[in-house]
Amino acid sequence: MSARLDDYFTARDRGALKKRGITSVADLFRFFPRRFLVPGEKTPLGGLPLGETAILQAEVISVDTRRMQKRRGTITDVIVHDGQQSMKIAFFNQRWLDSQLVPGLTVVFAGKVEEYRGQLTLNSPTWLNRDEHDEKWTPEDLNSPFPVYSRVKGIAQTRLWKAIKVLLDVADPDEFEDPLPSAMRESLDLPDLRTAFNDMHRPRSAAATEKAKQRWKWEEALALQAEFVSRKADYEQLEATPLLNVGARSQRFDESLPFYLTASQLRVGEEIEADMGRRSAMHRLLHGDVGSGKTVVALRAMLTAVDSQAQAAMLAPTEVLATQHFRSIENLLGDQMALSPLLSGDDQVRVALLTGSMPARERKQLALDLATGQIDIVVGTHALMSDTTMFDKLGLIVVDEQHRFGVEQREALRAKAGLKVPHTLVMSATPIPRTVAMTVFADLDVSTLDEMPAGTKDITTHAVSLGDHPNWLARVLQLIDAAAENGRGTFLVFPRIEPSDIEDPETGDVIGSRQGIEDLRDLLQNSEQLSSRSIALLHGRMSPAEKDRTMAAFVSGETDILVSTTVVEVGVDVPRATMMVVFEAERFGVAQLHQLRGRVGRDGSAALCFLLTQVSESDESFERLSEVAGTLDGFALAEYDLGTRGEGDVLGASQWGGSSLKHLSILRDAPIVEEARTIAEKIIAVDPELGSLPALRTFINRVLPAESAHFIEAS
């Protein structure tokens, strides 16, 4: 019978362990120490962190045991010294310490650092450097690092450590089946699983522990890459209809473009065409900077599909974005867009918009037209994936804003294509650093638009601390007024709809309030500079019809200023807009700010962007705003963003749908990720199902749990 947690922990203990994600022996083995106390690295007694659990190493000066006066039992006062200062540590009802803690002995104590009568001491101290039977101290223990674990409520460090060490000796051999192939371990000089567990929980040396830490990175890198390589191999087995015909519609569109395609757009177009012409389904990512022309590239691919007697669908995350894509396609096609499914020439294109808010009658007719092949290209939201939406011959899916859709949603749409699956083109609204592409998008082929069209945007950006320079707001409002006077529009972006409380971080007391979006609109409307200007609101709680009317008024010039939440972040195309003002800009990410800035100057006119904040110029978050203000290069900002955000933000639950990566850093470990890819390709080539490496398959399921393995999102 194999060892279980039940054998070593009470039901209450197991409840506390579960809150730490520990429900099995395997989980406990992977509950690694958060740090190690290395012999020779003595923690100065005067620098112990008050209120935290700490481990100290010092020499015993004296030991004195006496009876307590006000209650039963004894108290043993131990005075220790670390060469610089001394500390008194009290042990209750442990009289036996008198005979074992002798002056001159080097000891390692653990406990919560507290203050008593103006002096630091340890509460509930534990003597660590003894043998497992707690009978005598063992000087040889001081030659090895001491593991320090994150706190588990109700379980003492020593009890947790002892249970782990015992389980390492008695656990079933299955617990040590290695996810890493032996040949890989040998070539990289990595320890096997049992050795690595021992080197984490009862380390022989700091060097051995460091080697074990490297092993955990390789494990996670191989698991990710094996999953992605396997998934990519599966995609290549999916049979699609080759879309080879660059016919009348594609030719007319290219000939009618009022601008030349960039060399980058032509190159990426050829990559996409080559994929679409194959019998295996395309699964490609298209990314580039704001304004690099992704929509034109996607439309050319969709026209190739239509010329090849197939339908194309563009999937967008919101109705605002779907509508904007539809309008952009309408503008690009011009009179090449058919007036209706029944009135279209041979080189015209029948395009439709499908959203959940459409009247039932219109939606029913559109569904019929799609099912009978009367629609060539449909742009829509999740409504495209409903059971009532069917296609005659779906050949290509374009998914915009990948970070808002998981693989499951794409698969739901692919299932509508019948026996053969459609080709898939995924578009990312922001540039993706190579390290992220290797990790997060490793199951896709990647096309990069790395060149901007002629007439590169002229957007001057300023980061402004209104906390340091409150008078500058009036100047910004004057510039907004001047833009309106010249027939130009201004976006004002705000981070929230409703007012919110400001709480004291220490007490939780409400100490103020933050204004809502209507408060900002009223403030602007009542200002001296903008009182005569037309100001409208746009946010996610408005109905689709309200959003459409509001945006149409702004596009036409009926509205001078649009006060909006981030619903305008991507896809919104208003050529007359030349000013972007972001309030509380510190609340937005680098990529968001770059996207928002990309909404202005889209007709080539000089534009202005102001990133307004109440934080001081000396604040760390202001540096981030200054970085955005200093460059229009989205790739440079993406790298900066990756370098400054925490790993949890880049590969956290919100991006990975529940992944449990703990050791691999895509920033620092890019060489490991890359080499793991090569190893994974060799493994999958000869063993696609990982039949000879069941432990690797188990570990993949651990890193990418079953419920989220097919719902990996990217930010």
# chains A, B, ... in the order shown; residues from 1 in each chain; ligands from 1

$ select_by_dssp --residues "segment 352-596 of chain A" --states "helix (DSSP H, G or I)" --output "ChimeraX atom specification"
/A:360-371,382-385,402-404,407-417,434-440,472-485,517-525,544-556,566-568,585-587,590-596

$ residues_around --residues "segment 585-597 of chain A" --least-positions-apart "2" --cutoff "8 Å" --atoms "only C-alpha atoms" --output "PDB file with C-alpha atoms, in the first residue's frame"
ATOM      1  CA  VAL A 290      -0.486  49.326 -34.510  1.00  0.00           C
ATOM      2  CA  ALA A 429      -3.527  43.538 -31.996  1.00  0.00           C
ATOM      3  CA  THR A 430      -0.077  44.125 -30.529  1.00  0.00           C
ATOM      4  CA  ILE A 459       1.927  61.235 -32.980  1.00  0.00           C
ATOM      5  CA  PRO A 495     -10.621  53.624 -16.609  1.00  0.00           C
ATOM      6  CA  THR A 566     -11.318  51.103 -23.315  1.00  0.00           C
ATOM      7  CA  VAL A 568     -12.124  52.087 -28.214  1.00  0.00           C
ATOM      8  CA  GLU A 569      -8.827  50.315 -27.529  1.00  0.00           C
ATOM      9  CA  VAL A 570      -8.626  48.360 -30.770  1.00  0.00           C
ATOM     10  CA  MET A 580      -6.032  61.050 -27.474  1.00  0.00           C
ATOM     11  CA  VAL A 582      -5.932  59.211 -21.232  1.00  0.00           C
ATOM     12  CA  PHE A 583      -6.959  60.060 -17.672  1.00  0.00           C
ATOM     13  CA  ARG A 599      -6.606  55.395 -32.545  1.00  0.00           C
ATOM     14  CA  VAL A 600      -5.525  58.915 -33.604  1.00  0.00           C
ATOM     15  CA  CYS A 609      -1.535  62.020 -27.133  1.00  0.00           C
ATOM     16  CA  LEU A 611      -1.077  60.460 -20.701  1.00  0.00           C
ATOM     17  CA  LEU A 612      -2.446  62.217 -17.615  1.00  0.00           C
ATOM     18  CA  THR A 613      -1.843  60.997 -14.079  1.00  0.00           C
ATOM     19  CA  VAL A 615       1.123  60.302  -9.516  1.00  0.00           C
ATOM     20  CA  SER A 621       4.649  54.089 -12.548  1.00  0.00           C
ATOM     21  CA  PHE A 622       5.437  57.456 -14.157  1.00  0.00           C
ATOM     22  CA  ARG A 624       6.325  53.479 -17.520  1.00  0.00           C
ATOM     23  CA  LEU A 625       4.281  56.358 -18.959  1.00  0.00           C
ATOM     24  CA  VAL A 628       5.414  54.964 -23.842  1.00  0.00           C
ATOM     25  CA  LEU A 632       6.131  54.862 -31.256  1.00  0.00           C
ATOM     26  CA  GLY A 634       5.417  48.881 -30.598  1.00  0.00           C
ATOM     27  CA  LEU A 637       7.461  48.716 -26.043  1.00  0.00           C
ATOM     28  CA  ALA A 638       6.471  45.039 -26.088  1.00  0.00           C
ATOM     29  CA  ASP A 641       6.668  45.602 -21.090  1.00  0.00           C
TER      30      ASP A 641
END

$ atom_distance --atom1 "atom CA of Val107 of chain A" --atom2 "atom CA of Ile164 of chain A"
22.3 Å

$ residues_around --residues "Ile535 of chain A" --least-positions-apart "6" --cutoff "8 Å" --atoms "only C-alpha atoms" --output "list of chain:residue names"
A:Arg521, A:Gln525, A:Thr559, A:Asp560, A:Ile561, A:Leu562, A:Val563

$ closest_residue --among "A:Arg71, A:Leu286, A:Met302, A:Ala110" --to "Arg267 of chain A" --atoms "only C-alpha atoms"
A:Leu286

$ closest_residue --among "A:Asp687, A:Glu623, A:Asp199, A:Asp445" --to "Lys211 of chain A" --atoms "only C-alpha atoms"
A:Asp199

$ residues_around --residues "Lys88 of chain A" --least-positions-apart "6" --cutoff "12 Å" --atoms "only C-alpha atoms" --output "list in words"
Leu45, Ala58, Glu59, Val60, Ile61, Ser62, Val63, Asp64, Ile75, Thr76, Asp77, Val78, Ile79, Val80, His81, Asp82, Phe109, Val113, Glu114, Glu115, Tyr116, Arg117, Gly118, Gln119, Leu120, Thr121, Leu122, Asn123 and Pro125 of chain A

$ closest_residue --among "A:Gln515, A:Glu639, A:Glu273, A:Leu105" --to "Ile502 of chain A" --atoms "only C-alpha atoms"
A:Gln515

$ residues_around --residues "Trp161 of chain A" --least-positions-apart "4" --cutoff "12 Å" --atoms "only C-alpha atoms" --output "list in words"
Tyr8, Leu28, Phe29, Phe31, Phe32, Pro33, Leu128, Glu132, Phe146, Pro147, Val148, Tyr149, Ser150, Arg151, Val152, Ile155, Ala156, Gln157, Lys165, Val166, Leu167, Leu168, Asn198, Met200, His201 and Arg202 of chain A

$ write_last_selection --atoms "N, CA and C atoms" --output "compact mmCIF listing (two decimals), in the first residue's frame"
# COMPACT_ATOMS: atom_id res chain seq x y z
N TYR A 8 0.00 10.95 7.57
CA TYR A 8 0.93 11.86 8.25
C TYR A 8 0.28 13.18 8.69
N LEU A 28 3.02 17.43 -2.47
CA LEU A 28 3.87 17.76 -1.32
C LEU A 28 5.34 17.75 -1.71
N PHE A 29 5.73 16.78 -2.53
CA PHE A 29 7.13 16.73 -2.97
C PHE A 29 7.50 17.99 -3.77
N PHE A 31 6.19 20.93 -3.22
CA PHE A 31 6.06 22.11 -2.37
C PHE A 31 7.47 22.45 -1.89
N PHE A 32 8.20 23.16 -2.74
CA PHE A 32 9.61 23.38 -2.47
C PHE A 32 9.85 24.52 -1.48
N PRO A 33 10.98 24.47 -0.78
CA PRO A 33 11.31 25.56 0.13
C PRO A 33 11.38 26.89 -0.62
N LEU A 128 16.26 23.52 15.13
CA LEU A 128 16.25 22.76 13.88
C LEU A 128 17.38 21.75 13.75
N GLU A 132 16.53 13.29 13.47
CA GLU A 132 15.09 13.11 13.32
C GLU A 132 14.41 12.65 14.60
N PHE A 146 19.61 24.62 5.13
CA PHE A 146 18.35 24.32 5.80
C PHE A 146 17.20 24.86 4.96
N PRO A 147 16.22 24.02 4.60
CA PRO A 147 15.09 24.51 3.82
C PRO A 147 14.13 25.32 4.69
N VAL A 148 13.61 26.42 4.10
CA VAL A 148 12.61 27.26 4.77
C VAL A 148 11.38 27.28 3.88
N TYR A 149 10.25 26.76 4.40
CA TYR A 149 9.03 26.62 3.60
C TYR A 149 8.09 27.79 3.82
N SER A 150 7.25 28.03 2.83
CA SER A 150 6.16 28.99 3.01
C SER A 150 5.23 28.46 4.10
N ARG A 151 4.62 29.36 4.83
CA ARG A 151 3.81 28.97 5.99
C ARG A 151 2.56 28.21 5.56
N VAL A 152 2.31 27.09 6.22
CA VAL A 152 1.06 26.36 6.08
C VAL A 152 0.37 26.44 7.44
N ILE A 155 0.58 24.00 10.74
CA ILE A 155 1.59 22.94 10.61
C ILE A 155 2.97 23.57 10.81
N ALA A 156 3.65 23.17 11.85
CA ALA A 156 4.98 23.72 12.13
C ALA A 156 5.96 23.33 11.03
N GLN A 157 6.92 24.20 10.81
CA GLN A 157 7.93 23.94 9.77
C GLN A 157 8.62 22.59 9.99
N LYS A 165 10.47 14.38 4.53
CA LYS A 165 11.66 13.53 4.52
C LYS A 165 11.30 12.05 4.69
N VAL A 166 10.34 11.77 5.56
CA VAL A 166 9.91 10.38 5.74
C VAL A 166 9.27 9.85 4.46
N LEU A 167 8.40 10.66 3.85
CA LEU A 167 7.71 10.24 2.62
C LEU A 167 8.70 10.01 1.48
N LEU A 168 9.77 10.77 1.44
CA LEU A 168 10.78 10.56 0.40
C LEU A 168 11.40 9.17 0.51
N ASN A 198 15.24 15.09 -3.27
CA ASN A 198 16.09 15.07 -2.08
C ASN A 198 16.94 16.33 -1.98
N MET A 200 16.21 19.20 -2.90
CA MET A 200 15.39 20.35 -2.52
C MET A 200 14.98 20.28 -1.05
N HIS A 201 14.65 19.08 -0.57
CA HIS A 201 14.09 18.97 0.78
C HIS A 201 15.11 18.59 1.85
N ARG A 202 16.18 17.88 1.48
CA ARG A 202 17.27 17.64 2.43
C ARG A 202 18.58 17.77 1.66

$ closest_residue --among "A:Arg488, A:Ala483, A:Glu689, A:Pro359" --to "Asp603 of chain A" --atoms "only C-alpha atoms"
A:Arg488

$ closest_residue --among "A:Ala171, A:Pro453, A:Lys393, A:Pro422" --to "Leu261 of chain A" --atoms "only C-alpha atoms"
A:Pro453

$ select_by_dssp --residues "segment 46-196 of chain A" --states "strand (DSSP E or B)" --output "number ranges by chain"
A: 53-67, 74-81, 86-92, 106-116, 119-127, 130, 137, 146-148, 152, 155

$ write_last_selection --atoms "C-alpha atoms" --output "mmCIF file, in the first residue's frame"
data_model
loop_
_atom_site.group_PDB
_atom_site.id
_atom_site.type_symbol
_atom_site.label_atom_id
_atom_site.label_comp_id
_atom_site.auth_asym_id
_atom_site.auth_seq_id
_atom_site.Cartn_x
_atom_site.Cartn_y
_atom_site.Cartn_z
ATOM 1 C CA THR A 53 9.022 33.622 10.463
ATOM 2 C CA ALA A 54 12.812 33.593 10.378
ATOM 3 C CA ILE A 55 15.685 31.172 10.898
ATOM 4 C CA LEU A 56 18.803 32.281 12.706
ATOM 5 C CA GLN A 57 22.170 30.670 13.271
ATOM 6 C CA ALA A 58 24.110 31.643 16.399
ATOM 7 C CA GLU A 59 26.212 30.410 19.316
ATOM 8 C CA VAL A 60 24.740 29.545 22.721
ATOM 9 C CA ILE A 61 26.063 31.809 25.484
ATOM 10 C CA SER A 62 23.956 30.635 28.423
ATOM 11 C CA VAL A 63 20.920 28.517 29.342
ATOM 12 C CA ASP A 64 18.709 29.031 32.389
ATOM 13 C CA THR A 65 15.534 27.105 33.311
ATOM 14 C CA ARG A 66 13.100 28.251 36.026
ATOM 15 C CA ARG A 67 9.500 27.696 37.108
ATOM 16 C CA THR A 74 8.882 25.974 33.183
ATOM 17 C CA ILE A 75 10.560 28.553 31.017
ATOM 18 C CA THR A 76 14.036 28.075 29.553
ATOM 19 C CA ASP A 77 15.832 31.301 28.615
ATOM 20 C CA VAL A 78 18.550 30.754 26.015
ATOM 21 C CA ILE A 79 20.893 33.618 25.211
ATOM 22 C CA VAL A 80 22.609 33.353 21.821
ATOM 23 C CA HIS A 81 25.181 35.549 20.080
ATOM 24 C CA SER A 86 22.951 38.809 21.497
ATOM 25 C CA MET A 87 19.282 37.759 21.798
ATOM 26 C CA LYS A 88 17.239 36.056 24.511
ATOM 27 C CA ILE A 89 14.935 33.269 23.287
ATOM 28 C CA ALA A 90 12.432 31.597 25.610
ATOM 29 C CA PHE A 91 11.294 27.943 25.371
ATOM 30 C CA PHE A 92 8.272 26.876 27.432
ATOM 31 C CA THR A 106 26.187 26.443 17.310
ATOM 32 C CA VAL A 107 22.419 26.285 16.937
ATOM 33 C CA VAL A 108 19.804 26.995 14.290
ATOM 34 C CA PHE A 109 16.497 28.294 15.657
ATOM 35 C CA ALA A 110 13.280 29.081 13.771
ATOM 36 C CA GLY A 111 10.311 31.141 14.916
ATOM 37 C CA LYS A 112 8.221 34.253 14.409
ATOM 38 C CA VAL A 113 10.192 37.436 15.136
ATOM 39 C CA GLU A 114 8.486 39.537 17.795
ATOM 40 C CA GLU A 115 9.373 42.366 20.126
ATOM 41 C CA TYR A 116 9.291 41.849 23.928
ATOM 42 C CA GLN A 119 14.040 43.594 22.424
ATOM 43 C CA LEU A 120 13.637 41.209 19.458
ATOM 44 C CA THR A 121 12.931 37.568 20.263
ATOM 45 C CA LEU A 122 11.426 34.466 18.652
ATOM 46 C CA ASN A 123 7.866 33.399 19.420
ATOM 47 C CA SER A 124 7.263 29.608 19.587
ATOM 48 C CA PRO A 125 10.901 28.876 18.701
ATOM 49 C CA THR A 126 12.016 25.556 17.248
ATOM 50 C CA TRP A 127 15.498 24.051 17.386
ATOM 51 C CA ARG A 130 19.083 17.977 15.518
ATOM 52 C CA TRP A 137 22.284 17.941 18.032
ATOM 53 C CA PHE A 146 18.349 24.323 5.801
ATOM 54 C CA PRO A 147 15.090 24.513 3.817
ATOM 55 C CA VAL A 148 12.615 27.261 4.774
ATOM 56 C CA VAL A 152 1.060 26.362 6.082
ATOM 57 C CA ILE A 155 1.589 22.941 10.607
#

$ atom_distance --atom1 "atom CA of Arg549 of chain A" --atom2 "atom CA of Asp573 of chain A"
14.9 Å

$ atom_distance --atom1 "atom CA of Gln478 of chain A" --atom2 "atom CA of Phe610 of chain A"
12.8 Å

$ closest_residue --among "A:Ser280, A:Gln84, A:Gln214, A:Ser534" --to "Gln237 of chain A" --atoms "only C-alpha atoms"
A:Ser280

$ residues_around --residues "Ala310 of chain A" --least-positions-apart "4" --cutoff "12 Å" --atoms "only C-alpha atoms" --output "count of residues only"
33

$ residues_around --residues "Ala322 of chain A" --least-positions-apart "6" --cutoff "7 Å" --atoms "only C-alpha atoms" --output "ChimeraX atom specification"
/A:316,379-381
